[in-house]
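S.K.: Input run_22.pdb, format and content: PDB, N, CA and C atoms and all ligand atoms.
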ATOM      1  N   MET A   1      -0.935 -29.489  -5.028
ATOM      2  CA  MET A   1       0.379 -29.350  -4.387
ATOM      3  C   MET A   1       1.363 -28.679  -5.333
ATOM      4  N   LYS A   2       1.309 -29.054  -6.599
ATOM      5  CA  LYS A   2       2.191 -28.470  -7.599
ATOM      6  C   LYS A   2       1.967 -26.965  -7.679
ATOM      7  N   LYS A   3       0.693 -26.584  -7.729
ATOM      8  CA  LYS A   3       0.297 -25.183  -7.801
ATOM      9  C   LYS A   3       0.821 -24.421  -6.590
ATOM     10  N   THR A   4       0.695 -25.040  -5.420
ATOM     11  CA  THR A   4       1.129 -24.401  -4.180
ATOM     12  C   THR A   4       2.617 -24.146  -4.200
ATOM     13  N   LEU A   5       3.377 -25.147  -4.597
ATOM     14  CA  LEU A   5       4.835 -25.003  -4.633
ATOM     15  C   LEU A   5       5.223 -23.907  -5.607
ATOM     16  N   LEU A   6       4.521 -23.839  -6.712
ATOM     17  CA  LEU A   6       4.800 -22.811  -7.716
ATOM     18  C   LEU A   6       4.510 -21.446  -7.123
ATOM     19  N   ALA A   7       3.373 -21.311  -6.448
ATOM     20  CA  ALA A   7       2.994 -20.038  -5.836
ATOM     21  C   ALA A   7       4.031 -19.620  -4.805
ATOM     22  N   LEU A   8       4.488 -20.545  -3.999
ATOM     23  CA  LEU A   8       5.490 -20.234  -2.973
ATOM     24  C   LEU A   8       6.811 -19.862  -3.619
ATOM     25  N   ALA A   9       7.159 -20.536  -4.711
ATOM     26  CA  ALA A   9       8.394 -20.247  -5.416
ATOM     27  C   ALA A   9       8.344 -18.844  -6.005
ATOM     28  N   VAL A  10       7.194 -18.490  -6.569
ATOM     29  CA  VAL A  10       7.021 -17.149  -7.137
ATOM     30  C   VAL A  10       7.125 -16.121  -6.031
ATOM     31  N   LEU A  11       6.458 -16.401  -4.922
ATOM     32  CA  LEU A  11       6.478 -15.502  -3.767
ATOM     33  C   LEU A  11       7.920 -15.279  -3.314
ATOM     34  N   ALA A  12       8.682 -16.354  -3.189
ATOM     35  CA  ALA A  12      10.057 -16.278  -2.712
ATOM     36  C   ALA A  12      10.903 -15.475  -3.686
ATOM     37  N   SER A  13      10.669 -15.662  -4.976
ATOM     38  CA  SER A  13      11.492 -14.987  -5.976
ATOM     39  C   SER A  13      11.204 -13.489  -6.032
ATOM     40  N   LEU A  14      10.048 -13.079  -5.538
ATOM     41  CA  LEU A  14       9.673 -11.665  -5.590
ATOM     42  C   LEU A  14      10.140 -10.882  -4.371
ATOM     43  N   THR A  15      10.610 -11.593  -3.360
ATOM     44  CA  THR A  15      10.962 -10.919  -2.117
ATOM     45  C   THR A  15      12.423 -10.530  -2.072
ATOM     46  N   THR A  16      12.785  -9.705  -1.110
ATOM     47  CA  THR A  16      14.178  -9.318  -0.920
ATOM     48  C   THR A  16      14.923 -10.492  -0.285
ATOM     49  N   THR A  17      16.232 -10.349  -0.139
ATOM     50  CA  THR A  17      17.042 -11.419   0.442
ATOM     51  C   THR A  17      16.557 -11.798   1.833
ATOM     52  N   THR A  18      16.319 -10.790   2.664
ATOM     53  CA  THR A  18      15.882 -11.040   4.034
ATOM     54  C   THR A  18      14.521 -11.722   4.056
ATOM     55  N   ALA A  19      13.588 -11.149   3.308
ATOM     56  CA  ALA A  19      12.237 -11.707   3.281
ATOM     57  C   ALA A  19      12.261 -13.106   2.693
ATOM     58  N   SER A  20      13.165 -13.319   1.743
ATOM     59  CA  SER A  20      13.283 -14.615   1.109
ATOM     60  C   SER A  20      13.728 -15.683   2.111
ATOM     61  N   ALA A  21      14.633 -15.296   3.015
ATOM     62  CA  ALA A  21      15.067 -16.217   4.055
ATOM     63  C   ALA A  21      13.895 -16.544   4.969
ATOM     64  N   GLN A  22      13.082 -15.517   5.270
ATOM     65  CA  GLN A  22      11.905 -15.731   6.105
ATOM     66  C   GLN A  22      10.909 -16.647   5.406
ATOM     67  N   ALA A  23      10.749 -16.450   4.102
ATOM     68  CA  ALA A  23       9.817 -17.281   3.344
ATOM     69  C   ALA A  23      10.294 -18.735   3.387
ATOM     70  N   GLY A  24      11.608 -18.917   3.338
ATOM     71  CA  GLY A  24      12.165 -20.263   3.407
ATOM     72  C   GLY A  24      11.810 -20.929   4.721
ATOM     73  N   ALA A  25      11.936 -20.178   5.812
ATOM     74  CA  ALA A  25      11.604 -20.711   7.132
ATOM     75  C   ALA A  25      10.120 -21.024   7.192
ATOM     76  N   PHE A  26       9.329 -20.143   6.593
ATOM     77  CA  PHE A  26       7.876 -20.312   6.558
ATOM     78  C   PHE A  26       7.538 -21.633   5.856
ATOM     79  N   ILE A  27       8.170 -21.874   4.728
ATOM     80  CA  ILE A  27       7.899 -23.085   3.965
ATOM     81  C   ILE A  27       8.334 -24.332   4.746
ATOM     82  N   GLN A  28       9.508 -24.227   5.399
ATOM     83  CA  GLN A  28       9.989 -25.369   6.166
ATOM     84  C   GLN A  28       9.071 -25.679   7.344
ATOM     85  N   GLY A  29       8.416 -24.622   7.872
ATOM     86  CA  GLY A  29       7.525 -24.793   9.009
ATOM     87  C   GLY A  29       6.190 -25.412   8.639
ATOM     88  N   MET A  30       5.888 -25.474   7.343
ATOM     89  CA  MET A  30       4.614 -26.025   6.892
ATOM     90  C   MET A  30       4.603 -27.539   7.021
ATOM     91  N   PRO A  31       3.481 -28.079   7.483
ATOM     92  CA  PRO A  31       3.378 -29.534   7.488
ATOM     93  C   PRO A  31       3.363 -30.022   6.034
ATOM     94  N   MET A  32       4.034 -31.111   5.761
ATOM     95  CA  MET A  32       4.115 -31.584   4.379
ATOM     96  C   MET A  32       2.855 -32.312   3.941
ATOM     97  N   LYS A  33       2.013 -32.623   4.924
ATOM     98  CA  LYS A  33       0.776 -33.340   4.636
ATOM     99  C   LYS A  33      -0.315 -32.331   4.282
ATOM    100  N   GLY A  34      -0.897 -32.452   3.102
ATOM    101  CA  GLY A  34      -1.970 -31.548   2.711
ATOM    102  C   GLY A  34      -1.432 -30.306   2.046
ATOM    103  N   ALA A  35      -2.188 -29.780   1.099
ATOM    104  CA  ALA A  35      -1.752 -28.618   0.348
ATOM    105  C   ALA A  35      -1.950 -27.336   1.135
ATOM    106  N   VAL A  36      -1.044 -26.391   0.954
ATOM    107  CA  VAL A  36      -1.199 -25.055   1.537
ATOM    108  C   VAL A  36      -1.421 -24.105   0.373
ATOM    109  N   LYS A  37      -2.523 -23.394   0.424
ATOM    110  CA  LYS A  37      -2.811 -22.428  -0.632
ATOM    111  C   LYS A  37      -2.943 -21.051  -0.019
ATOM    112  N   VAL A  38      -2.294 -20.078  -0.627
ATOM    113  CA  VAL A  38      -2.371 -18.720  -0.093
ATOM    114  C   VAL A  38      -3.154 -17.826  -1.044
ATOM    115  N   GLY A  39      -3.828 -16.835  -0.468
ATOM    116  CA  GLY A  39      -4.597 -15.917  -1.286
ATOM    117  C   GLY A  39      -4.829 -14.607  -0.571
ATOM    118  N   ARG A  40      -5.436 -13.672  -1.283
ATOM    119  CA  ARG A  40      -5.777 -12.375  -0.690
ATOM    120  C   ARG A  40      -7.233 -12.096  -0.987
ATOM    121  N   GLY A  41      -7.867 -11.408  -0.049
ATOM    122  CA  GLY A  41      -9.269 -11.095  -0.258
ATOM    123  C   GLY A  41      -9.643  -9.795   0.395
ATOM    124  N   SER A  42     -10.883  -9.385   0.141
ATOM    125  CA  SER A  42     -11.405  -8.225   0.856
ATOM    126  C   SER A  42     -12.864  -8.494   1.156
ATOM    127  N   GLY A  43     -13.344  -7.821   2.190
ATOM    128  CA  GLY A  43     -14.724  -8.051   2.587
ATOM    129  C   GLY A  43     -15.073  -7.250   3.816
ATOM    130  N   VAL A  44     -16.113  -7.699   4.517
ATOM    131  CA  VAL A  44     -16.590  -7.006   5.713
ATOM    132  C   VAL A  44     -16.538  -7.987   6.884
ATOM    133  N   VAL A  45     -16.009  -7.521   8.003
ATOM    134  CA  VAL A  45     -15.966  -8.342   9.218
ATOM    135  C   VAL A  45     -17.379  -8.428   9.789
ATOM    136  N   THR A  46     -17.882  -9.640   9.966
ATOM    137  CA  THR A  46     -19.239  -9.792  10.506
ATOM    138  C   THR A  46     -19.235 -10.317  11.933
ATOM    139  N   ALA A  47     -18.109 -10.894  12.389
ATOM    140  CA  ALA A  47     -18.033 -11.366  13.770
ATOM    141  C   ALA A  47     -16.575 -11.540  14.165
ATOM    142  N   ILE A  48     -16.301 -11.310  15.435
ATOM    143  CA  ILE A  48     -14.956 -11.540  15.973
ATOM    144  C   ILE A  48     -15.114 -12.331  17.267
ATOM    145  N   ASP A  49     -14.392 -13.439  17.372
ATOM    146  CA  ASP A  49     -14.407 -14.253  18.587
ATOM    147  C   ASP A  49     -12.985 -14.294  19.137
ATOM    148  N   LEU A  50     -12.715 -13.405  20.087
ATOM    149  CA  LEU A  50     -11.350 -13.300  20.621
ATOM    150  C   LEU A  50     -10.917 -14.584  21.317
ATOM    151  N   LYS A  51     -11.849 -15.227  22.009
ATOM    152  CA  LYS A  51     -11.538 -16.451  22.753
ATOM    153  C   LYS A  51     -11.077 -17.574  21.826
ATOM    154  N   ALA A  52     -11.787 -17.716  20.704
ATOM    155  CA  ALA A  52     -11.464 -18.773  19.738
ATOM    156  C   ALA A  52     -10.447 -18.308  18.702
ATOM    157  N   ALA A  53     -10.068 -17.013  18.768
ATOM    158  CA  ALA A  53      -9.146 -16.422  17.789
ATOM    159  C   ALA A  53      -9.691 -16.538  16.372
ATOM    160  N   LYS A  54     -11.019 -16.299  16.241
ATOM    161  CA  LYS A  54     -11.627 -16.411  14.907
ATOM    162  C   LYS A  54     -12.306 -15.119  14.477
ATOM    163  N   VAL A  55     -12.205 -14.871  13.194
ATOM    164  CA  VAL A  55     -12.882 -13.726  12.604
ATOM    165  C   VAL A  55     -13.737 -14.234  11.449
ATOM    166  N   THR A  56     -14.982 -13.773  11.407
ATOM    167  CA  THR A  56     -15.864 -14.143  10.301
ATOM    168  C   THR A  56     -15.891 -12.976   9.325
ATOM    169  N   ILE A  57     -15.642 -13.295   8.070
ATOM    170  CA  ILE A  57     -15.575 -12.257   7.032
ATOM    171  C   ILE A  57     -16.518 -12.613   5.886
ATOM    172  N   LYS A  58     -17.353 -11.639   5.518
ATOM    173  CA  LYS A  58     -18.165 -11.781   4.308
ATOM    174  C   LYS A  58     -17.268 -11.281   3.186
ATOM    175  N   HIS A  59     -16.622 -12.213   2.500
ATOM    176  CA  HIS A  59     -15.597 -11.807   1.538
ATOM    177  C   HIS A  59     -16.022 -12.000   0.086
ATOM    178  N   GLY A  60     -15.365 -11.240  -0.785
ATOM    179  CA  GLY A  60     -15.597 -11.370  -2.224
ATOM    180  C   GLY A  60     -14.841 -12.575  -2.746
ATOM    181  N   PRO A  61     -14.900 -12.805  -4.063
ATOM    182  CA  PRO A  61     -14.195 -13.945  -4.656
ATOM    183  C   PRO A  61     -12.693 -13.895  -4.361
ATOM    184  N   ILE A  62     -12.082 -15.072  -4.151
ATOM    185  CA  ILE A  62     -10.633 -15.161  -3.950
ATOM    186  C   ILE A  62     -10.083 -16.006  -5.094
ATOM    187  N   ALA A  63      -9.516 -15.317  -6.074
ATOM    188  CA  ALA A  63      -9.101 -15.954  -7.321
ATOM    189  C   ALA A  63      -8.074 -17.071  -7.104
ATOM    190  N   ALA A  64      -7.113 -16.837  -6.208
ATOM    191  CA  ALA A  64      -6.031 -17.802  -6.010
ATOM    192  C   ALA A  64      -6.550 -19.172  -5.566
ATOM    193  N   LEU A  65      -7.716 -19.181  -4.933
ATOM    194  CA  LEU A  65      -8.271 -20.448  -4.465
ATOM    195  C   LEU A  65      -9.512 -20.859  -5.262
ATOM    196  N   SER A  66      -9.826 -20.071  -6.302
ATOM    197  CA  SER A  66     -11.040 -20.307  -7.089
ATOM    198  C   SER A  66     -12.287 -20.305  -6.203
ATOM    199  N   TRP A  67     -12.301 -19.400  -5.226
ATOM    200  CA  TRP A  67     -13.438 -19.303  -4.315
ATOM    201  C   TRP A  67     -14.425 -18.247  -4.794
ATOM    202  N   PRO A  68     -15.692 -18.548  -4.681
ATOM    203  CA  PRO A  68     -16.700 -17.511  -4.920
ATOM    204  C   PRO A  68     -16.811 -16.644  -3.666
ATOM    205  N   ALA A  69     -17.617 -15.599  -3.736
ATOM    206  CA  ALA A  69     -17.893 -14.789  -2.550
ATOM    207  C   ALA A  69     -18.628 -15.656  -1.532
ATOM    208  N   MET A  70     -18.317 -15.455  -0.257
ATOM    209  CA  MET A  70     -18.997 -16.225   0.793
ATOM    210  C   MET A  70     -18.728 -15.573   2.152
ATOM    211  N   THR A  71     -19.436 -16.054   3.147
ATOM    212  CA  THR A  71     -19.186 -15.611   4.525
ATOM    213  C   THR A  71     -18.642 -16.806   5.279
ATOM    214  N   MET A  72     -17.486 -16.636   5.911
ATOM    215  CA  MET A  72     -16.863 -17.765   6.592
ATOM    216  C   MET A  72     -15.947 -17.294   7.727
ATOM    217  N   ALA A  73     -15.627 -18.214   8.616
ATOM    218  CA  ALA A  73     -14.750 -17.905   9.748
ATOM    219  C   ALA A  73     -13.322 -18.330   9.422
ATOM    220  N   PHE A  74     -12.374 -17.499   9.837
ATOM    221  CA  PHE A  74     -10.945 -17.796   9.695
ATOM    222  C   PHE A  74     -10.316 -17.772  11.085
ATOM    223  N   THR A  75      -9.322 -18.606  11.289
ATOM    224  CA  THR A  75      -8.526 -18.527  12.505
ATOM    225  C   THR A  75      -7.466 -17.454  12.278
ATOM    226  N   ALA A  76      -7.283 -16.565  13.243
ATOM    227  CA  ALA A  76      -6.299 -15.489  13.104
ATOM    228  C   ALA A  76      -4.938 -15.958  13.583
ATOM    229  N   ILE A  77      -3.930 -15.804  12.709
ATOM    230  CA  ILE A  77      -2.547 -16.165  13.034
ATOM    231  C   ILE A  77      -1.676 -14.929  12.839
ATOM    232  N   PRO A  78      -1.207 -14.246  13.867
ATOM    233  CA  PRO A  78      -1.455 -14.523  15.293
ATOM    234  C   PRO A  78      -2.816 -13.972  15.732
ATOM    235  N   PRO A  79      -3.345 -14.449  16.857
ATOM    236  CA  PRO A  79      -4.651 -14.005  17.352
ATOM    237  C   PRO A  79      -4.725 -12.493  17.576
ATOM    238  N   ALA A  80      -3.584 -11.857  17.870
ATOM    239  CA  ALA A  80      -3.558 -10.406  18.125
ATOM    240  C   ALA A  80      -4.037  -9.590  16.929
ATOM    241  N   LEU A  81      -4.060 -10.199  15.746
ATOM    242  CA  LEU A  81      -4.582  -9.512  14.562
ATOM    243  C   LEU A  81      -6.004  -9.022  14.802
ATOM    244  N   LEU A  82      -6.733  -9.755  15.620
ATOM    245  CA  LEU A  82      -8.151  -9.444  15.833
ATOM    246  C   LEU A  82      -8.360  -8.165  16.618
ATOM    247  N   LYS A  83      -7.309  -7.668  17.263
ATOM    248  CA  LYS A  83      -7.439  -6.427  18.024
ATOM    249  C   LYS A  83      -7.331  -5.210  17.115
ATOM    250  N   THR A  84      -6.993  -5.452  15.842
ATOM    251  CA  THR A  84      -6.799  -4.330  14.918
ATOM    252  C   THR A  84      -8.022  -4.059  14.050
ATOM    253  N   VAL A  85      -9.064  -4.883  14.171
ATOM    254  CA  VAL A  85     -10.270  -4.684  13.353
ATOM    255  C   VAL A  85     -11.529  -4.779  14.214
ATOM    256  N   LYS A  86     -12.615  -4.271  13.638
ATOM    257  CA  LYS A  86     -13.890  -4.278  14.360
ATOM    258  C   LYS A  86     -14.997  -4.827  13.464
ATOM    259  N   VAL A  87     -16.037  -5.346  14.096
ATOM    260  CA  VAL A  87     -17.203  -5.822  13.347
ATOM    261  C   VAL A  87     -17.777  -4.659  12.540
ATOM    262  N   GLY A  88     -18.088  -4.926  11.285
ATOM    263  CA  GLY A  88     -18.665  -3.911  10.415
ATOM    264  C   GLY A  88     -17.631  -3.227   9.530
ATOM    265  N   GLN A  89     -16.342  -3.404   9.831
ATOM    266  CA  GLN A  89     -15.289  -2.766   9.034
ATOM    267  C   GLN A  89     -15.073  -3.496   7.713
ATOM    268  N   ARG A  90     -14.772  -2.717   6.684
ATOM    269  CA  ARG A  90     -14.315  -3.294   5.417
ATOM    270  C   ARG A  90     -12.830  -3.558   5.569
ATOM    271  N   VAL A  91     -12.389  -4.723   5.148
ATOM    272  CA  VAL A  91     -10.981  -5.092   5.341
ATOM    273  C   VAL A  91     -10.378  -5.730   4.097
ATOM    274  N   ASP A  92      -9.068  -5.617   3.995
ATOM    275  CA  ASP A  92      -8.283  -6.403   3.046
ATOM    276  C   ASP A  92      -7.530  -7.404   3.906
ATOM    277  N   PHE A  93      -7.356  -8.619   3.410
ATOM    278  CA  PHE A  93      -6.664  -9.604   4.235
ATOM    279  C   PHE A  93      -5.875 -10.599   3.389
ATOM    280  N   ALA A  94      -4.864 -11.190   4.038
ATOM    281  CA  ALA A  94      -4.097 -12.275   3.421
ATOM    282  C   ALA A  94      -4.506 -13.542   4.164
ATOM    283  N   MET A  95      -4.652 -14.614   3.444
ATOM    284  CA  MET A  95      -5.109 -15.849   4.075
ATOM    285  C   MET A  95      -4.389 -17.050   3.490
ATOM    286  N   ARG A  96      -4.543 -18.162   4.171
ATOM    287  CA  ARG A  96      -4.030 -19.420   3.627
ATOM    288  C   ARG A  96      -4.943 -20.545   4.084
ATOM    289  N   MET A  97      -5.023 -21.555   3.254
ATOM    290  CA  MET A  97      -5.728 -22.790   3.601
ATOM    291  C   MET A  97      -4.648 -23.804   3.919
ATOM    292  N   ARG A  98      -4.675 -24.290   5.154
ATOM    293  CA  ARG A  98      -3.711 -25.328   5.548
ATOM    294  C   ARG A  98      -4.541 -26.586   5.716
ATOM    295  N   GLY A  99      -4.513 -27.460   4.712
ATOM    296  CA  GLY A  99      -5.452 -28.573   4.702
ATOM    297  C   GLY A  99      -6.847 -27.979   4.621
ATOM    298  N   SER A 100      -7.698 -28.294   5.584
ATOM    299  CA  SER A 100      -9.060 -27.755   5.558
ATOM    300  C   SER A 100      -9.225 -26.581   6.521
ATOM    301  N   VAL A 101      -8.113 -26.097   7.083
ATOM    302  CA  VAL A 101      -8.172 -24.988   8.044
ATOM    303  C   VAL A 101      -7.883 -23.664   7.344
ATOM    304  N   ALA A 102      -8.840 -22.739   7.460
ATOM    305  CA  ALA A 102      -8.678 -21.412   6.861
ATOM    306  C   ALA A 102      -8.077 -20.467   7.887
ATOM    307  N   GLU A 103      -6.969 -19.823   7.513
ATOM    308  CA  GLU A 103      -6.295 -18.915   8.434
ATOM    309  C   GLU A 103      -6.112 -17.536   7.797
ATOM    310  N   VAL A 104      -6.316 -16.501   8.609
ATOM    311  CA  VAL A 104      -5.997 -15.141   8.178
ATOM    312  C   VAL A 104      -4.627 -14.829   8.763
ATOM    313  N   THR A 105      -3.707 -14.381   7.906
ATOM    314  CA  THR A 105      -2.342 -14.107   8.374
ATOM    315  C   THR A 105      -2.030 -12.617   8.394
ATOM    316  N   ALA A 106      -2.887 -11.807   7.816
ATOM    317  CA  ALA A 106      -2.748 -10.344   7.871
ATOM    318  C   ALA A 106      -4.120  -9.766   7.577
ATOM    319  N   ILE A 107      -4.435  -8.658   8.243
ATOM    320  CA  ILE A 107      -5.737  -8.024   7.996
ATOM    321  C   ILE A 107      -5.613  -6.548   8.320
ATOM    322  N   ARG A 108      -6.274  -5.715   7.509
ATOM    323  CA  ARG A 108      -6.278  -4.291   7.844
ATOM    324  C   ARG A 108      -7.534  -3.636   7.286
ATOM    325  N   ALA A 109      -7.984  -2.623   8.007
ATOM    326  CA  ALA A 109      -9.165  -1.882   7.595
ATOM    327  C   ALA A 109      -8.838  -1.141   6.301
ATOM    328  N   ARG A 110      -9.824  -1.031   5.421
ATOM    329  CA  ARG A 110      -9.585  -0.354   4.152
ATOM    330  C   ARG A 110      -9.652   1.153   4.314
TER
HETATM  331 CU    CU B 201     -14.448 -18.192   1.944
END
Re-express the file's structure as C-alpha cells.

M.R.:
Amino acid sequence: MKKTLLALAVLASLTTTTASAQAGAFIQGMPMKGAVKVGRGSGVVTAIDLKAAKVTIKHGPIAALSWPAMTMAFTAIPPALLKTVKVGQRVDFAMRMRGSVAEVTAIRAR
C-alpha cells in the first residue's frame, strides 16, 4: 500500500494541473480496500472476448509489479479499448491491479 501511494503521488506530481485534478479524482474513486498497483507492459494479443470485455496478452516482464513474462487475461476499462486492437498484434499497454483483478486501462498497437 505504501508503494502504491508513493507511485500515485509521483504520478500526480508529474502531471499538469488539469491532469493532476483528474488523477485526484481517480485516486478518490479507488476502493480503499486492497492495494492498487499500476504498471506498463508490452506483448502480443492472443485473444479478445468482447462479451466479457477481456483481452489476453502474452506480455513481457512488468517491473512495477515485479511480474515475470506471462500470458494472462485483463479486463478492459473501458471495454471499447478492445475495438482498437486485434489478435496477433504487438501492443503497448497500461494496466493496474485492483486487489486481484487485472485491468488494462490503455492499449495501442506498436
Ligand atoms: Cu501478467

S.K.: Given the file above and the PyMOL selection byres (((not hetatm) and name CA) within 9 of (chain B and resi 201)), which residues are selected, and can you give them as a ChimeraX atom specification?

M.R.: /A:57-62,67-74,102

S.K.: Output N, CA and C atoms of each residue in that selection to a file, as a compact mmCIF listing (two decimals), in the coordinates of the input.

M.R.:
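Done, and the output landed in selection.txt:
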# COMPACT_ATOMS: atom_id res chain seq x y z
N ILE A 57 -15.64 -13.30 8.07
CA ILE A 57 -15.58 -12.26 7.03
C ILE A 57 -16.52 -12.61 5.89
N LYS A 58 -17.35 -11.64 5.52
CA LYS A 58 -18.16 -11.78 4.31
C LYS A 58 -17.27 -11.28 3.19
N HIS A 59 -16.62 -12.21 2.50
CA HIS A 59 -15.60 -11.81 1.54
C HIS A 59 -16.02 -12.00 0.09
N GLY A 60 -15.36 -11.24 -0.78
CA GLY A 60 -15.60 -11.37 -2.22
C GLY A 60 -14.84 -12.58 -2.75
N PRO A 61 -14.90 -12.80 -4.06
CA PRO A 61 -14.20 -13.94 -4.66
C PRO A 61 -12.69 -13.90 -4.36
N ILE A 62 -12.08 -15.07 -4.15
CA ILE A 62 -10.63 -15.16 -3.95
C ILE A 62 -10.08 -16.01 -5.09
N TRP A 67 -12.30 -19.40 -5.23
CA TRP A 67 -13.44 -19.30 -4.32
C TRP A 67 -14.42 -18.25 -4.79
N PRO A 68 -15.69 -18.55 -4.68
CA PRO A 68 -16.70 -17.51 -4.92
C PRO A 68 -16.81 -16.64 -3.67
N ALA A 69 -17.62 -15.60 -3.74
CA ALA A 69 -17.89 -14.79 -2.55
C ALA A 69 -18.63 -15.66 -1.53
N MET A 70 -18.32 -15.46 -0.26
CA MET A 70 -19.00 -16.23 0.79
C MET A 70 -18.73 -15.57 2.15
N THR A 71 -19.44 -16.05 3.15
CA THR A 71 -19.19 -15.61 4.53
C THR A 71 -18.64 -16.81 5.28
N MET A 72 -17.49 -16.64 5.91
CA MET A 72 -16.86 -17.76 6.59
C MET A 72 -15.95 -17.29 7.73
N ALA A 73 -15.63 -18.21 8.62
CA ALA A 73 -14.75 -17.90 9.75
C ALA A 73 -13.32 -18.33 9.42
N PHE A 74 -12.37 -17.50 9.84
CA PHE A 74 -10.94 -17.80 9.70
C PHE A 74 -10.32 -17.77 11.08
N ALA A 102 -8.84 -22.74 7.46
CA ALA A 102 -8.68 -21.41 6.86
C ALA A 102 -8.08 -20.47 7.89

S.K.: Report as a VMD selection string the residues that result from applying the PyMOL selection byres (((chain A and resi 83-95) around 5) and not hetatm) to the structure here.

M.R.: chain A and resid 38 to 46 80 to 82 96 to 97 103 to 110

S.K.: Only N, CA and C atoms, please: the residues just picked out, written as an mmCIF file, in the coordinates of the input.

M.R.:
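Result went into part.cif, see below:
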data_model
loop_
_atom_site.group_PDB
_atom_site.id
_atom_site.type_symbol
_atom_site.label_atom_id
_atom_site.label_comp_id
_atom_site.auth_asym_id
_atom_site.auth_seq_id
_atom_site.Cartn_x
_atom_site.Cartn_y
_atom_site.Cartn_z
ATOM 1 N N VAL A 38 -2.294 -20.078 -0.627
ATOM 2 C CA VAL A 38 -2.371 -18.720 -0.093
ATOM 3 C C VAL A 38 -3.154 -17.826 -1.044
ATOM 4 N N GLY A 39 -3.828 -16.835 -0.468
ATOM 5 C CA GLY A 39 -4.597 -15.917 -1.286
ATOM 6 C C GLY A 39 -4.829 -14.607 -0.571
ATOM 7 N N ARG A 40 -5.436 -13.672 -1.283
ATOM 8 C CA ARG A 40 -5.777 -12.375 -0.690
ATOM 9 C C ARG A 40 -7.233 -12.096 -0.987
ATOM 10 N N GLY A 41 -7.867 -11.408 -0.049
ATOM 11 C CA GLY A 41 -9.269 -11.095 -0.258
ATOM 12 C C GLY A 41 -9.643 -9.795 0.395
ATOM 13 N N SER A 42 -10.883 -9.385 0.141
ATOM 14 C CA SER A 42 -11.405 -8.225 0.856
ATOM 15 C C SER A 42 -12.864 -8.494 1.156
ATOM 16 N N GLY A 43 -13.344 -7.821 2.190
ATOM 17 C CA GLY A 43 -14.724 -8.051 2.587
ATOM 18 C C GLY A 43 -15.073 -7.250 3.816
ATOM 19 N N VAL A 44 -16.113 -7.699 4.517
ATOM 20 C CA VAL A 44 -16.590 -7.006 5.713
ATOM 21 C C VAL A 44 -16.538 -7.987 6.884
ATOM 22 N N VAL A 45 -16.009 -7.521 8.003
ATOM 23 C CA VAL A 45 -15.966 -8.342 9.218
ATOM 24 C C VAL A 45 -17.379 -8.428 9.789
ATOM 25 N N THR A 46 -17.882 -9.640 9.966
ATOM 26 C CA THR A 46 -19.239 -9.792 10.506
ATOM 27 C C THR A 46 -19.235 -10.317 11.933
ATOM 28 N N ALA A 80 -3.584 -11.857 17.870
ATOM 29 C CA ALA A 80 -3.558 -10.406 18.125
ATOM 30 C C ALA A 80 -4.037 -9.590 16.929
ATOM 31 N N LEU A 81 -4.060 -10.199 15.746
ATOM 32 C CA LEU A 81 -4.582 -9.512 14.562
ATOM 33 C C LEU A 81 -6.004 -9.022 14.802
ATOM 34 N N LEU A 82 -6.733 -9.755 15.620
ATOM 35 C CA LEU A 82 -8.151 -9.444 15.833
ATOM 36 C C LEU A 82 -8.360 -8.165 16.618
ATOM 37 N N ARG A 96 -4.543 -18.162 4.171
ATOM 38 C CA ARG A 96 -4.030 -19.420 3.627
ATOM 39 C C ARG A 96 -4.943 -20.545 4.084
ATOM 40 N N MET A 97 -5.023 -21.555 3.254
ATOM 41 C CA MET A 97 -5.728 -22.790 3.601
ATOM 42 C C MET A 97 -4.648 -23.804 3.919
ATOM 43 N N GLU A 103 -6.969 -19.823 7.513
ATOM 44 C CA GLU A 103 -6.295 -18.915 8.434
ATOM 45 C C GLU A 103 -6.112 -17.536 7.797
ATOM 46 N N VAL A 104 -6.316 -16.501 8.609
ATOM 47 C CA VAL A 104 -5.997 -15.141 8.178
ATOM 48 C C VAL A 104 -4.627 -14.829 8.763
ATOM 49 N N THR A 105 -3.707 -14.381 7.906
ATOM 50 C CA THR A 105 -2.342 -14.107 8.374
ATOM 51 C C THR A 105 -2.030 -12.617 8.394
ATOM 52 N N ALA A 106 -2.887 -11.807 7.816
ATOM 53 C CA ALA A 106 -2.748 -10.344 7.871
ATOM 54 C C ALA A 106 -4.120 -9.766 7.577
ATOM 55 N N ILE A 107 -4.435 -8.658 8.243
ATOM 56 C CA ILE A 107 -5.737 -8.024 7.996
ATOM 57 C C ILE A 107 -5.613 -6.548 8.320
ATOM 58 N N ARG A 108 -6.274 -5.715 7.509
ATOM 59 C CA ARG A 108 -6.278 -4.291 7.844
ATOM 60 C C ARG A 108 -7.534 -3.636 7.286
ATOM 61 N N ALA A 109 -7.984 -2.623 8.007
ATOM 62 C CA ALA A 109 -9.165 -1.882 7.595
ATOM 63 C C ALA A 109 -8.838 -1.141 6.301
ATOM 64 N N ARG A 110 -9.824 -1.031 5.421
ATOM 65 C CA ARG A 110 -9.585 -0.354 4.152
ATOM 66 C C ARG A 110 -9.652 1.153 4.314
#

S.K.: If I take atom N of Thr56 of chain A and atom N of Thr75 of chain A, how far is one from the other in Å, to one decimal?

M.R.: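 Between these atoms lies a distance of 7.4 Å.
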
S.K.: Could you tell me how far atom CA of Pro78 of chain A sits from atom N of Ala64 of chain A, in Å to one decimal place?

M.R.: 22.4 Å

S.K.: Between atom CA of Pro79 of chain A and atom CA of Ala53 of chain A, what is the distance in Å, rounded to a tenth?

M.R.: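 Straight-line distance from atom CA of Pro79 of chain A to atom CA of Ala53 of chain A works out to 5.1 Å.
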
S.K.: Which residues are near Arg98 of chain A? Cut-off 6 Å, only N, CA and C atoms, ignore same chain within fewer than 6 positions. Put them as a list in words.

M.R.: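 Non-adjacent residues within range: Ala35, Val36 and Lys37 of chain A.
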